[in-house]
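Below: upload-v7.cif (mmCIF, C-alpha atoms)
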```
data_run
loop_
_atom_site.group_PDB
_atom_site.id
_atom_site.type_symbol
_atom_site.label_atom_id
_atom_site.label_comp_id
_atom_site.auth_asym_id
_atom_site.auth_seq_id
_atom_site.Cartn_x
_atom_site.Cartn_y
_atom_site.Cartn_z
ATOM 1 C CA MET A 825 -95.642 -69.646 88.663
ATOM 2 C CA TYR A 826 -95.569 -66.759 86.199
ATOM 3 C CA LEU A 827 -92.597 -66.738 83.862
ATOM 4 C CA GLU A 828 -91.823 -63.602 81.922
ATOM 5 C CA THR A 829 -89.658 -64.114 78.826
ATOM 6 C CA ILE A 830 -88.611 -61.675 76.140
ATOM 7 C CA PRO A 831 -89.907 -62.893 72.750
ATOM 8 C CA ASP A 832 -87.252 -63.869 70.205
ATOM 9 C CA THR A 833 -87.724 -61.310 67.441
ATOM 10 C CA SER A 834 -84.072 -61.120 66.390
ATOM 11 C CA ALA A 835 -84.791 -62.424 62.860
ATOM 12 C CA TYR A 836 -86.966 -59.347 62.214
ATOM 13 C CA MET A 837 -84.253 -57.068 63.569
ATOM 14 C CA ILE A 838 -81.563 -58.651 61.366
ATOM 15 C CA GLY A 839 -83.900 -58.496 58.370
ATOM 16 C CA GLY A 840 -84.636 -54.822 59.024
ATOM 17 C CA TYR A 841 -81.028 -53.743 59.340
ATOM 18 C CA ALA A 842 -79.949 -55.874 56.370
ATOM 19 C CA PHE A 843 -82.674 -54.254 54.283
ATOM 20 C CA ALA A 844 -81.667 -50.704 55.320
ATOM 21 C CA PHE A 845 -77.987 -51.314 54.527
ATOM 22 C CA ILE A 846 -78.688 -53.054 51.206
ATOM 23 C CA VAL A 847 -80.997 -50.249 50.016
ATOM 24 C CA MET A 848 -78.510 -47.531 51.017
ATOM 25 C CA GLY A 849 -75.690 -49.509 49.358
ATOM 26 C CA ILE A 850 -77.646 -49.900 46.128
ATOM 27 C CA TYR A 851 -78.384 -46.172 46.098
ATOM 28 C CA VAL A 852 -74.740 -45.199 46.631
ATOM 29 C CA PHE A 853 -73.700 -47.640 43.890
ATOM 30 C CA SER A 854 -76.352 -46.244 41.536
ATOM 31 C CA MET A 855 -74.990 -42.729 42.133
ATOM 32 C CA TYR A 856 -71.464 -43.938 41.369
ATOM 33 C CA LEU A 857 -72.680 -45.661 38.191
ATOM 34 C CA ARG A 858 -74.697 -42.656 37.004
ATOM 35 C CA ASN A 859 -71.736 -40.394 37.721
ATOM 36 C CA SER A 860 -69.283 -42.479 35.690
ATOM 37 C CA ASN A 861 -71.759 -42.824 32.791
ATOM 38 C CA LEU A 862 -72.346 -39.079 32.717
ATOM 39 C CA LYS A 863 -68.614 -38.363 32.852
ATOM 40 C CA ARG A 864 -68.079 -40.652 29.871
ATOM 41 C CA ASP A 865 -70.962 -39.006 27.986
ATOM 42 C CA ALA A 866 -69.529 -35.556 28.712
ATOM 43 C CA GLU A 867 -66.080 -36.598 27.461
ATOM 44 C CA THR A 868 -67.531 -38.081 24.245
ATOM 45 C CA LEU A 869 -69.652 -34.997 23.613
ATOM 46 C CA GLU A 870 -66.716 -32.667 24.247
ATOM 47 C CA THR A 871 -64.584 -34.663 21.766
ATOM 48 C CA LEU A 872 -67.396 -34.495 19.192
ATOM 49 C CA GLN A 873 -67.749 -30.781 19.769
ATOM 50 C CA ALA A 874 -63.983 -30.246 19.335
ATOM 51 C CA GLU A 875 -63.978 -32.317 16.112
ATOM 52 C CA GLU A 876 -66.898 -30.324 14.722
ATOM 53 C CA ALA A 877 -65.139 -27.070 15.587
ATOM 54 C CA LYS A 878 -61.995 -28.336 13.831
ATOM 55 C CA LYS A 879 -63.944 -29.333 10.705
ATOM 56 C CA SER A 880 -65.738 -26.001 10.465
ATOM 57 C CA GLY A 881 -62.374 -24.245 10.977
ATOM 58 C CA THR A 882 -60.793 -26.200 8.069
ATOM 59 C CA LYS A 883 -63.756 -25.442 5.786
ATOM 60 C CA LYS A 884 -63.438 -21.731 6.539
ATOM 61 C CA ASN A 885 -59.696 -21.807 5.776
ATOM 62 C CA LYS A 886 -60.269 -23.582 2.400
ATOM 63 C CA SER A 887 -62.930 -21.131 1.314
ATOM 64 C CA MET B 1297 -66.840 -32.053 36.590
ATOM 65 C CA GLN B 1298 -65.069 -30.289 39.412
ATOM 66 C CA PRO B 1299 -63.023 -32.526 41.745
ATOM 67 C CA ARG B 1300 -64.620 -33.497 45.033
ATOM 68 C CA PRO B 1301 -64.035 -30.662 47.538
ATOM 69 C CA LEU B 1302 -62.152 -31.440 50.752
ATOM 70 C CA VAL B 1303 -65.228 -30.696 52.901
ATOM 71 C CA LEU B 1304 -67.203 -33.292 50.948
ATOM 72 C CA LYS B 1305 -64.410 -35.831 51.383
ATOM 73 C CA ILE B 1306 -64.495 -35.195 55.134
ATOM 74 C CA LEU B 1307 -68.288 -35.473 55.101
ATOM 75 C CA ASP B 1308 -68.066 -38.820 53.254
ATOM 76 C CA PHE B 1309 -65.703 -40.125 55.902
ATOM 77 C CA ALA B 1310 -67.850 -38.709 58.725
ATOM 78 C CA SER B 1311 -70.954 -40.367 57.230
ATOM 79 C CA VAL B 1312 -69.337 -43.801 57.333
ATOM 80 C CA ILE B 1313 -68.176 -43.248 60.913
ATOM 81 C CA VAL B 1314 -71.515 -41.940 62.245
ATOM 82 C CA LEU B 1315 -73.386 -44.768 60.495
ATOM 83 C CA ALA B 1316 -71.107 -47.309 62.146
ATOM 84 C CA VAL B 1317 -71.503 -45.662 65.560
ATOM 85 C CA ALA B 1318 -75.304 -45.375 65.159
ATOM 86 C CA THR B 1319 -75.450 -49.087 64.268
ATOM 87 C CA TYR B 1320 -73.338 -49.984 67.296
ATOM 88 C CA LEU B 1321 -75.492 -47.886 69.626
ATOM 89 C CA ALA B 1322 -78.695 -49.351 68.214
ATOM 90 C CA LEU B 1323 -77.604 -52.999 68.143
ATOM 91 C CA VAL B 1324 -75.244 -53.281 71.107
ATOM 92 C CA PHE B 1325 -75.331 -50.260 73.411
ATOM 93 C CA ALA B 1326 -79.107 -49.788 73.763
ATOM 94 C CA PRO B 1327 -80.800 -52.288 76.095
ATOM 95 C CA THR B 1328 -83.229 -54.883 74.777
ATOM 96 C CA GLU B 1329 -86.825 -53.780 75.192
ATOM 97 C CA ALA B 1330 -88.689 -56.105 77.575
ATOM 98 C CA VAL B 1331 -91.951 -56.582 75.671
ATOM 99 C CA MET B 1332 -90.982 -56.597 71.984
ATOM 100 C CA GLY B 1333 -87.448 -57.944 72.275
ATOM 101 C CA GLN B 1334 -84.741 -57.363 69.653
ATOM 102 C CA VAL B 1335 -87.076 -56.058 66.931
ATOM 103 C CA GLN B 1336 -87.502 -52.828 68.912
ATOM 104 C CA ARG B 1337 -83.934 -51.943 67.816
ATOM 105 C CA VAL B 1338 -85.319 -51.313 64.334
ATOM 106 C CA PHE B 1339 -86.928 -48.219 65.864
ATOM 107 C CA TYR B 1340 -83.634 -46.244 65.885
ATOM 108 C CA PHE B 1341 -83.165 -46.445 62.124
ATOM 109 C CA HIS B 1342 -86.919 -46.201 61.532
ATOM 110 C CA ILE B 1343 -87.063 -42.798 63.241
ATOM 111 C CA GLY B 1344 -83.696 -41.649 61.840
ATOM 112 C CA THR B 1345 -84.710 -42.302 58.251
ATOM 113 C CA ALA B 1346 -88.222 -40.891 58.819
ATOM 114 C CA TRP B 1347 -86.732 -37.669 60.198
ATOM 115 C CA VAL B 1348 -84.516 -37.022 57.162
ATOM 116 C CA GLY B 1349 -87.225 -38.274 54.795
ATOM 117 C CA LEU B 1350 -89.824 -35.787 55.971
ATOM 118 C CA LEU B 1351 -87.237 -33.029 56.417
ATOM 119 C CA GLY B 1352 -86.105 -33.496 52.805
ATOM 120 C CA PHE B 1353 -89.674 -33.180 51.495
ATOM 121 C CA ILE B 1354 -90.004 -29.845 53.320
ATOM 122 C CA ILE B 1355 -86.597 -28.730 51.984
ATOM 123 C CA ALA B 1356 -87.717 -29.702 48.470
ATOM 124 C CA ALA B 1357 -90.861 -27.584 48.861
ATOM 125 C CA LEU B 1358 -88.740 -24.608 49.971
ATOM 126 C CA ALA B 1359 -86.377 -25.150 47.026
ATOM 127 C CA GLY B 1360 -89.453 -25.241 44.790
ATOM 128 C CA ILE B 1361 -90.549 -21.835 46.104
ATOM 129 C CA LEU B 1362 -87.050 -20.447 45.571
ATOM 130 C CA TYR B 1363 -87.005 -21.795 42.008
ATOM 131 C CA LEU B 1364 -90.381 -20.200 41.223
ATOM 132 C CA VAL B 1365 -89.165 -16.871 42.608
ATOM 133 C CA THR B 1366 -85.647 -16.795 41.130
ATOM 134 C CA LYS B 1367 -85.968 -19.140 38.080
ATOM 135 C CA ASP B 1368 -82.451 -20.286 38.951
ATOM 136 C CA ALA B 1369 -81.860 -23.874 37.729
ATOM 137 C CA ARG B 1370 -79.642 -24.553 40.742
ATOM 138 C CA TRP B 1371 -82.748 -24.579 42.951
ATOM 139 C CA ASP B 1372 -84.314 -27.146 40.634
ATOM 140 C CA ARG B 1373 -81.277 -29.417 41.000
ATOM 141 C CA PHE B 1374 -81.380 -28.877 44.763
ATOM 142 C CA GLU B 1375 -85.065 -29.831 44.807
ATOM 143 C CA VAL B 1376 -84.493 -33.008 42.770
ATOM 144 C CA ALA B 1377 -81.666 -34.029 45.104
ATOM 145 C CA ALA B 1378 -83.814 -33.474 48.205
ATOM 146 C CA VAL B 1379 -86.735 -35.444 46.781
ATOM 147 C CA GLU B 1380 -84.593 -38.349 45.548
ATOM 148 C CA VAL B 1381 -82.647 -38.836 48.787
ATOM 149 C CA SER B 1382 -85.766 -38.349 50.941
ATOM 150 C CA THR B 1383 -87.817 -40.809 48.880
ATOM 151 C CA LEU B 1384 -85.092 -43.394 49.440
ATOM 152 C CA PHE B 1385 -84.963 -42.813 53.203
ATOM 153 C CA PHE B 1386 -88.728 -42.710 53.537
ATOM 154 C CA PHE B 1387 -88.982 -46.014 51.689
ATOM 155 C CA ILE B 1388 -86.608 -47.520 54.269
ATOM 156 C CA THR B 1389 -88.788 -46.020 57.045
ATOM 157 C CA ILE B 1390 -91.933 -47.663 55.679
ATOM 158 C CA VAL B 1391 -90.318 -51.092 55.234
ATOM 159 C CA LEU B 1392 -88.670 -50.967 58.678
ATOM 160 C CA GLY B 1393 -92.055 -50.030 60.145
ATOM 161 C CA ALA B 1394 -93.668 -53.041 58.471
ATOM 162 C CA ILE B 1395 -90.912 -55.326 59.784
ATOM 163 C CA TRP B 1396 -91.442 -53.964 63.310
ATOM 164 C CA ALA B 1397 -95.238 -54.235 62.989
ATOM 165 C CA ARG B 1398 -95.220 -57.972 62.184
ATOM 166 C CA PRO B 1399 -94.272 -59.125 65.710
ATOM 167 C CA ALA B 1400 -95.659 -56.032 67.487
ATOM 168 C CA TRP B 1401 -99.096 -55.805 65.819
ATOM 169 C CA ASN B 1402 -99.195 -59.316 64.340
ATOM 170 C CA THR B 1403 -99.517 -57.875 60.823
ATOM 171 C CA TRP B 1404 -97.112 -56.418 58.233
ATOM 172 C CA TRP B 1405 -99.496 -53.676 57.258
ATOM 173 C CA THR B 1406 -102.747 -52.078 58.339
ATOM 174 C CA TRP B 1407 -104.569 -49.057 56.920
ATOM 175 C CA ASP B 1408 -103.976 -47.007 60.029
ATOM 176 C CA PRO B 1409 -103.957 -43.171 59.550
ATOM 177 C CA ARG B 1410 -100.141 -42.945 59.980
ATOM 178 C CA LEU B 1411 -99.348 -45.841 57.657
ATOM 179 C CA THR B 1412 -101.824 -44.573 55.079
ATOM 180 C CA THR B 1413 -100.469 -41.013 55.036
ATOM 181 C CA ALA B 1414 -96.890 -42.342 54.910
ATOM 182 C CA ALA B 1415 -97.727 -44.571 51.934
ATOM 183 C CA ILE B 1416 -99.486 -41.665 50.168
ATOM 184 C CA THR B 1417 -96.477 -39.378 50.796
ATOM 185 C CA GLU B 1418 -94.088 -41.951 49.309
ATOM 186 C CA LEU B 1419 -96.322 -42.464 46.284
ATOM 187 C CA ILE B 1420 -96.600 -38.681 45.760
ATOM 188 C CA TYR B 1421 -92.809 -38.440 45.460
ATOM 189 C CA ILE B 1422 -92.457 -41.525 43.252
ATOM 190 C CA ALA B 1423 -95.006 -39.848 40.955
ATOM 191 C CA TYR B 1424 -92.827 -36.696 41.024
ATOM 192 C CA PHE B 1425 -90.114 -38.522 39.077
ATOM 193 C CA MET B 1426 -92.671 -39.914 36.633
ATOM 194 C CA LEU B 1427 -93.944 -36.370 36.070
ATOM 195 C CA ARG B 1428 -90.427 -35.056 35.416
ATOM 196 C CA GLN B 1429 -89.658 -37.925 33.034
ATOM 197 C CA GLY B 1430 -92.690 -36.968 30.973
ATOM 198 C CA ILE B 1431 -91.655 -33.340 30.356
ATOM 199 C CA GLU B 1432 -88.970 -32.653 27.753
ATOM 200 C CA ASP B 1433 -88.508 -28.890 28.099
ATOM 201 C CA PRO B 1434 -86.116 -28.314 31.065
ATOM 202 C CA GLU B 1435 -87.695 -25.014 32.108
ATOM 203 C CA ARG B 1436 -91.228 -26.394 32.025
ATOM 204 C CA ARG B 1437 -90.056 -29.535 33.840
ATOM 205 C CA ALA B 1438 -88.488 -27.432 36.599
ATOM 206 C CA ARG B 1439 -91.586 -25.216 36.928
ATOM 207 C CA PHE B 1440 -93.972 -28.177 37.136
ATOM 208 C CA GLY B 1441 -91.618 -29.936 39.558
ATOM 209 C CA ALA B 1442 -91.476 -26.873 41.801
ATOM 210 C CA VAL B 1443 -95.261 -26.537 41.985
ATOM 211 C CA TYR B 1444 -95.579 -30.273 42.557
ATOM 212 C CA THR B 1445 -93.111 -30.348 45.470
ATOM 213 C CA LEU B 1446 -94.816 -27.301 46.933
ATOM 214 C CA LEU B 1447 -98.154 -29.152 46.990
ATOM 215 C CA GLY B 1448 -96.549 -32.489 47.892
ATOM 216 C CA GLY B 1449 -94.738 -30.837 50.791
ATOM 217 C CA ILE B 1450 -98.082 -30.524 52.596
ATOM 218 C CA SER B 1451 -98.109 -34.313 53.028
ATOM 219 C CA ALA B 1452 -94.991 -34.233 55.234
ATOM 220 C CA PRO B 1453 -96.461 -32.262 58.194
ATOM 221 C CA ILE B 1454 -99.735 -34.191 57.797
ATOM 222 C CA THR B 1455 -97.835 -37.500 58.104
ATOM 223 C CA PHE B 1456 -95.970 -36.195 61.137
ATOM 224 C CA MET B 1457 -99.051 -34.833 62.906
ATOM 225 C CA VAL B 1458 -101.585 -37.540 62.081
ATOM 226 C CA ILE B 1459 -100.677 -39.766 65.069
ATOM 227 C CA ARG B 1460 -101.079 -36.769 67.354
ATOM 228 C CA LEU B 1461 -104.474 -35.784 65.974
ATOM 229 C CA PHE B 1462 -106.298 -39.041 65.195
ATOM 230 C CA ARG B 1463 -107.032 -42.332 66.922
ATOM 231 C CA THR B 1464 -104.263 -44.637 65.729
ATOM 232 C CA ILE B 1465 -102.420 -47.785 66.777
ATOM 233 C CA HIS B 1466 -99.057 -46.219 65.819
ATOM 234 C CA PRO B 1467 -97.134 -45.289 68.992
ATOM 235 C CA VAL B 1468 -95.921 -41.737 69.620
ATOM 236 C CA VAL B 1469 -92.386 -41.436 70.931
ATOM 237 C CA VAL B 1470 -92.404 -37.718 71.671
ATOM 238 C CA GLY B 1471 -95.682 -36.341 73.036
ATOM 239 C CA SER B 1472 -98.907 -37.999 74.171
ATOM 240 C CA GLN B 1473 -100.188 -40.959 72.191
ATOM 241 C CA SER B 1474 -103.633 -42.202 71.261
ATOM 242 C CA ALA B 1475 -105.365 -44.603 73.689
ATOM 243 C CA ALA B 1476 -105.465 -47.159 70.870
ATOM 244 C CA ALA B 1477 -101.669 -47.105 70.330
ATOM 245 C CA GLN B 1478 -99.932 -50.481 70.517
ATOM 246 C CA GLY B 1479 -96.210 -51.133 70.885
ATOM 247 C CA GLY B 1480 -95.284 -47.939 72.699
ATOM 248 C CA PHE B 1481 -92.495 -47.955 75.283
ATOM 249 C CA SER B 1482 -90.671 -45.553 77.581
ATOM 250 C CA MET B 1483 -87.067 -44.905 76.637
ATOM 251 C CA THR B 1484 -84.243 -45.439 79.122
ATOM 252 C CA SER B 1485 -81.301 -43.011 79.047
ATOM 253 C CA ASP B 1486 -79.225 -45.465 76.931
ATOM 254 C CA MET B 1487 -82.119 -45.794 74.486
ATOM 255 C CA LYS B 1488 -82.320 -41.990 74.299
ATOM 256 C CA THR B 1489 -78.579 -41.830 73.517
ATOM 257 C CA ALA B 1490 -78.995 -44.315 70.641
ATOM 258 C CA PHE B 1491 -82.122 -42.503 69.466
ATOM 259 C CA PHE B 1492 -80.631 -38.999 69.370
ATOM 260 C CA PHE B 1493 -77.401 -40.242 67.840
ATOM 261 C CA ALA B 1494 -79.378 -41.998 65.077
ATOM 262 C CA LEU B 1495 -81.122 -38.678 64.335
ATOM 263 C CA PHE B 1496 -77.750 -36.925 64.165
ATOM 264 C CA ALA B 1497 -76.154 -39.697 62.057
ATOM 265 C CA PHE B 1498 -78.921 -39.704 59.460
ATOM 266 C CA THR B 1499 -78.802 -35.905 59.265
ATOM 267 C CA VAL B 1500 -75.071 -36.095 58.402
ATOM 268 C CA ILE B 1501 -75.661 -38.917 55.878
ATOM 269 C CA PHE B 1502 -78.575 -36.992 54.360
ATOM 270 C CA ILE B 1503 -76.457 -33.853 53.843
ATOM 271 C CA ASP B 1504 -73.673 -35.956 52.315
ATOM 272 C CA MET B 1505 -75.996 -37.781 49.911
ATOM 273 C CA MET B 1506 -77.741 -34.521 48.992
ATOM 274 C CA TRP B 1507 -74.419 -32.906 48.143
ATOM 275 C CA HIS B 1508 -73.426 -35.832 45.924
ATOM 276 C CA ARG B 1509 -76.819 -35.804 44.223
ATOM 277 C CA ILE B 1510 -76.567 -32.048 43.561
ATOM 278 C CA ARG B 1511 -73.148 -32.592 41.938
ATOM 279 C CA LEU B 1512 -74.665 -35.383 39.850
ATOM 280 C CA GLY B 1513 -77.449 -32.971 38.836
ATOM 281 C CA ASN B 1514 -74.841 -30.410 37.755
ATOM 282 C CA LEU B 1515 -73.175 -33.051 35.596
ATOM 283 C CA GLU B 1516 -76.541 -34.088 34.101
ATOM 284 C CA ASP B 1517 -77.161 -30.451 33.232
ATOM 285 C CA LYS B 1518 -73.746 -30.130 31.608
ATOM 286 C CA VAL B 1519 -74.328 -33.249 29.468
ATOM 287 C CA GLU B 1520 -77.778 -31.986 28.455
ATOM 288 C CA GLN B 1521 -76.280 -28.665 27.323
ATOM 289 C CA LEU B 1522 -73.469 -30.423 25.429
ATOM 290 C CA LYS B 1523 -76.026 -32.624 23.652
ATOM 291 C CA LEU B 1524 -77.910 -29.523 22.554
ATOM 292 C CA LYS B 1525 -74.701 -27.877 21.262
ATOM 293 C CA VAL B 1526 -73.580 -30.985 19.336
ATOM 294 C CA SER B 1527 -77.005 -31.577 17.765
ATOM 295 C CA MET B 1528 -77.208 -27.940 16.558
#
```

Rewritten as structure tokens:
Amino acid sequence: MYLETIPDTSAYMIGGYAFAFIVMGIYVFSMYLRNSNLKRDAETLETLQAEEAKKSGTKKNKS
Amino acid sequence: MQPRPLVLKILDFASVIVLAVATYLALVFAPTEAVMGQVQRVFYFHIGTAWVGLLGFIIAALAGILYLVTKDARWDRFEVAAVEVSTLFFFITIVLGAIWARPAWNTWWTWDPRLTTAAITELIYIAYFMLRQGIEDPERRARFGAVYTLLGGISAPITFMVIRLFRTIHPVVVGSQSAAAQGGFSMTSDMKTAFFFALFAFTVIFIDMMWHRIRLGNLEDKVEQLKLKVSM
């Protein structure tokens, strides 16, 4: 008698979908991380710029 | 940085929803393929990610042309976003293909024309970021990047067409396949629903990720300009 069975390849399927979701998750997290780092950098640089502008303004007033 | 626009917020929400629906359709709704079994379900995400991957490389090439014509830095940021998001999706495509190939072809990898061109395409775009990292001057970096994506863009249609032009074991879903193809199957109407929805879902996710990456590029540009001002 000929028996036709579907092979059990579910482990590959689970592995594939887990991989796709993990990679997409890592990418989204990396974007979030890069975004917050850049925001912090921009804030620091803007503060530095404002301080420098203040200093040069005081020097001009003294002279 | 400007606050996230409402349309982008809606797109973020829509991306999560369509991804969930695409996963449901692929894992539950679509019937199990009789020969390969459950692993065939990988196909829906494999094609979805391949579609946006190759589409993004073409978009990057077009953005490269627009940058070379207009010299507008916005096109450079657009190009970087397209390449980065597409490289990510195309990487997923290649790995999902290898996972499918193990039970279907009894090997993770073979130097078949499709697999070879796909690997070359991915490597071309990984090298793109290495090239950009090596150039300090922003204008020169953008110009070199634009020319590079223009040339690299040729690899996308080649990768798409190779299974239709050469003898290959990679199956063709749309169109006639090579006589040597292994692992091909005819789609039922439920499979077609899952397939077309996966294409739609990844297009929405791609647009969403691109938009976020462009905004990130704008912020990078702002920080670079501030650094220049402070150091002067």

Residue neighbourhood region 838-843 of chain A, 8 Å, only C-alpha atoms, exclusion window fewer than 4 positions, as a ChimeraX atom specification: /A:834,847 /B:1338,1388,1391-1392,1395

Closest atom pairs, residues of chain B within 8 Å of chain A, all atoms listed in the file, as a tab-separated table:
```
residue	atom	partner	partner_atom	distance
B:Met1297	CA	A:Lys863	CA	7.5
B:Ala1330	CA	A:Ile830	CA	5.8
B:Val1331	CA	A:Ile830	CA	6.1
B:Met1332	CA	A:Pro831	CA	6.4
B:Gly1333	CA	A:Ile830	CA	5.5
B:Gln1334	CA	A:Ser834	CA	5.0
B:Val1335	CA	A:Met837	CA	4.5
B:Gln1336	CA	A:Met837	CA	7.6
B:Arg1337	CA	A:Met837	CA	6.7
B:Val1338	CA	A:Met837	CA	5.9
B:Leu1384	CA	A:Met848	CA	7.9
B:Ile1388	CA	A:Ala844	CA	6.0
B:Val1391	CA	A:Gly840	CA	7.8
B:Leu1392	CA	A:Gly840	CA	5.6
B:Ile1395	CA	A:Tyr836	CA	6.1
B:Trp1396	CA	A:Tyr836	CA	7.1
B:Pro1399	CA	A:Thr833	CA	7.1
B:Arg1509	CA	A:Met855	CA	7.5
B:Leu1512	CA	A:Asn859	CA	6.2
B:Leu1515	CA	A:Leu862	CA	6.7
B:Glu1516	CA	A:Leu862	CA	6.7
B:Lys1518	CA	A:Ala866	CA	7.5
B:Val1519	CA	A:Ala866	CA	5.4
B:Leu1522	CA	A:Leu869	CA	6.2
B:Lys1523	CA	A:Leu869	CA	6.8
B:Lys1525	CA	A:Gln873	CA	7.7
B:Val1526	CA	A:Gln873	CA	5.9
```

Which value, in Å to one decimal, gives the distance between CA of Val1314 (chain B) and CA of Val1469 (chain B)?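 Separating CA of Val1314 (chain B) from CA of Val1469 (chain B) is a distance of 22.6 Å.
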
Starting from the displayed file, determine the output of the PyMOL selection byres ((chain B and resi 1340) around 9) and express the residue list as a PyMOL selection string. chain B and resi 1318-1319+1322+1336-1339+1341-1345+1487+1490-1495

Name all residues at most 6 Å from region 1410-1416 of chain B (count only C-alpha atoms; drop same-chain ones fewer than 3 positions away) and give them as a list in words.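 That gives Trp1407, Leu1419, Thr1455 and Val1458 of chain B.
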
Extending 5 Å beyond the listed atoms of region 862-878 of chain A on each side, what axis-aligned box results? I want centre and edge lengths in Å to one decimal, as AutoDock Vina command-line options.
```
--center_x -67.2 --center_y -33.9 --center_z 23.3 --size_x 20.4 --size_y 23.6 --size_z 29.0
```

With all atoms listed in the file as the counted atoms, please give the residues lying no more than 10 Å from Ala1397 (chain B), apart from itself and same-chain residues fewer than 3 positions off, as a VMD selection string. (chain A and resid 836) or (chain B and resid 1335 to 1336 1391 to 1394 1400 to 1406 1466 1478 to 1479)

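The two atoms in question, CA of Asp1504 (chain B) and CA of Gln1298 (chain B), are spaced 16.5 Å apart.
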
Between CA of Tyr1363 (chain B) and CA of Arg1437 (chain B), what is the spacing in Å? 11.7 Å

Dig up all the protein and nucleic acid residues within 10 Å of (-91.3, -31.3, 41.1) in the file frame, using all atoms listed in the file, and format them as number ranges by chain. B: 1356-1357, 1359-1360, 1372, 1375-1376, 1379, 1421, 1423-1428, 1437-1448

Residue with smallest distance to Gly1352 (chain B) - pool B:Phe1496, B:Ile1454, B:Val1381, B:Leu1302, counting all atoms listed in the file: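 Counting all atoms listed in the file, the residue closest to Gly1352 (chain B) is B:Val1381.
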
If I only want region 1448-1464 of chain B, can you write it with N, CA and C atoms, as an mmCIF file, in the first residue's frame?
```cif
data_model
loop_
_atom_site.group_PDB
_atom_site.id
_atom_site.type_symbol
_atom_site.label_atom_id
_atom_site.label_comp_id
_atom_site.auth_asym_id
_atom_site.auth_seq_id
_atom_site.Cartn_x
_atom_site.Cartn_y
_atom_site.Cartn_z
ATOM 1 N N GLY B 1448 25.042 49.833 -9.113
ATOM 2 C CA GLY B 1448 24.560 48.697 -8.318
ATOM 3 C C GLY B 1448 23.133 48.333 -8.649
ATOM 4 N N GLY B 1449 22.361 49.352 -9.051
ATOM 5 C CA GLY B 1449 20.944 49.139 -9.384
ATOM 6 C C GLY B 1449 20.741 48.138 -10.513
ATOM 7 N N ILE B 1450 21.775 47.974 -11.348
ATOM 8 C CA ILE B 1450 21.681 47.029 -12.472
ATOM 9 C C ILE B 1450 21.511 45.595 -11.938
ATOM 10 N N SER B 1451 22.088 45.347 -10.754
ATOM 11 C CA SER B 1451 22.039 43.983 -10.206
ATOM 12 C C SER B 1451 20.616 43.553 -9.822
ATOM 13 N N ALA B 1452 19.748 44.519 -9.540
ATOM 14 C CA ALA B 1452 18.378 44.170 -9.129
ATOM 15 C C ALA B 1452 17.577 43.510 -10.264
ATOM 16 N N PRO B 1453 17.483 44.153 -11.456
ATOM 17 C CA PRO B 1453 16.762 43.454 -12.546
ATOM 18 C C PRO B 1453 17.447 42.167 -12.982
ATOM 19 N N ILE B 1454 18.777 42.113 -12.874
ATOM 20 C CA ILE B 1454 19.493 40.878 -13.251
ATOM 21 C C ILE B 1454 19.056 39.747 -12.310
ATOM 22 N N THR B 1455 19.033 40.063 -10.990
ATOM 23 C CA THR B 1455 18.626 39.053 -9.999
ATOM 24 C C THR B 1455 17.192 38.594 -10.254
ATOM 25 N N PHE B 1456 16.342 39.532 -10.609
ATOM 26 C CA PHE B 1456 14.936 39.189 -10.859
ATOM 27 C C PHE B 1456 14.790 38.303 -12.106
ATOM 28 N N MET B 1457 15.525 38.648 -13.149
ATOM 29 C CA MET B 1457 15.347 37.985 -14.445
ATOM 30 C C MET B 1457 16.118 36.676 -14.590
ATOM 31 N N VAL B 1458 17.145 36.490 -13.776
ATOM 32 C CA VAL B 1458 18.061 35.365 -13.995
ATOM 33 C C VAL B 1458 17.368 33.995 -14.020
ATOM 34 N N ILE B 1459 16.328 33.823 -13.177
ATOM 35 C CA ILE B 1459 15.635 32.514 -13.164
ATOM 36 C C ILE B 1459 14.737 32.332 -14.388
ATOM 37 N N ARG B 1460 14.495 33.439 -15.087
ATOM 38 C CA ARG B 1460 13.660 33.358 -16.286
ATOM 39 C C ARG B 1460 14.512 33.207 -17.549
ATOM 40 N N LEU B 1461 15.813 33.443 -17.400
ATOM 41 C CA LEU B 1461 16.694 33.409 -18.565
ATOM 42 C C LEU B 1461 17.647 32.217 -18.573
ATOM 43 N N PHE B 1462 18.031 31.740 -17.381
ATOM 44 C CA PHE B 1462 19.015 30.652 -17.318
ATOM 45 C C PHE B 1462 18.421 29.375 -16.732
ATOM 46 N N ARG B 1463 19.155 28.282 -16.931
ATOM 47 C CA ARG B 1463 18.770 26.998 -16.350
ATOM 48 C C ARG B 1463 19.111 27.053 -14.862
ATOM 49 N N THR B 1464 18.089 26.903 -14.021
ATOM 50 C CA THR B 1464 18.291 27.070 -12.586
ATOM 51 C C THR B 1464 17.359 26.143 -11.801
#
```
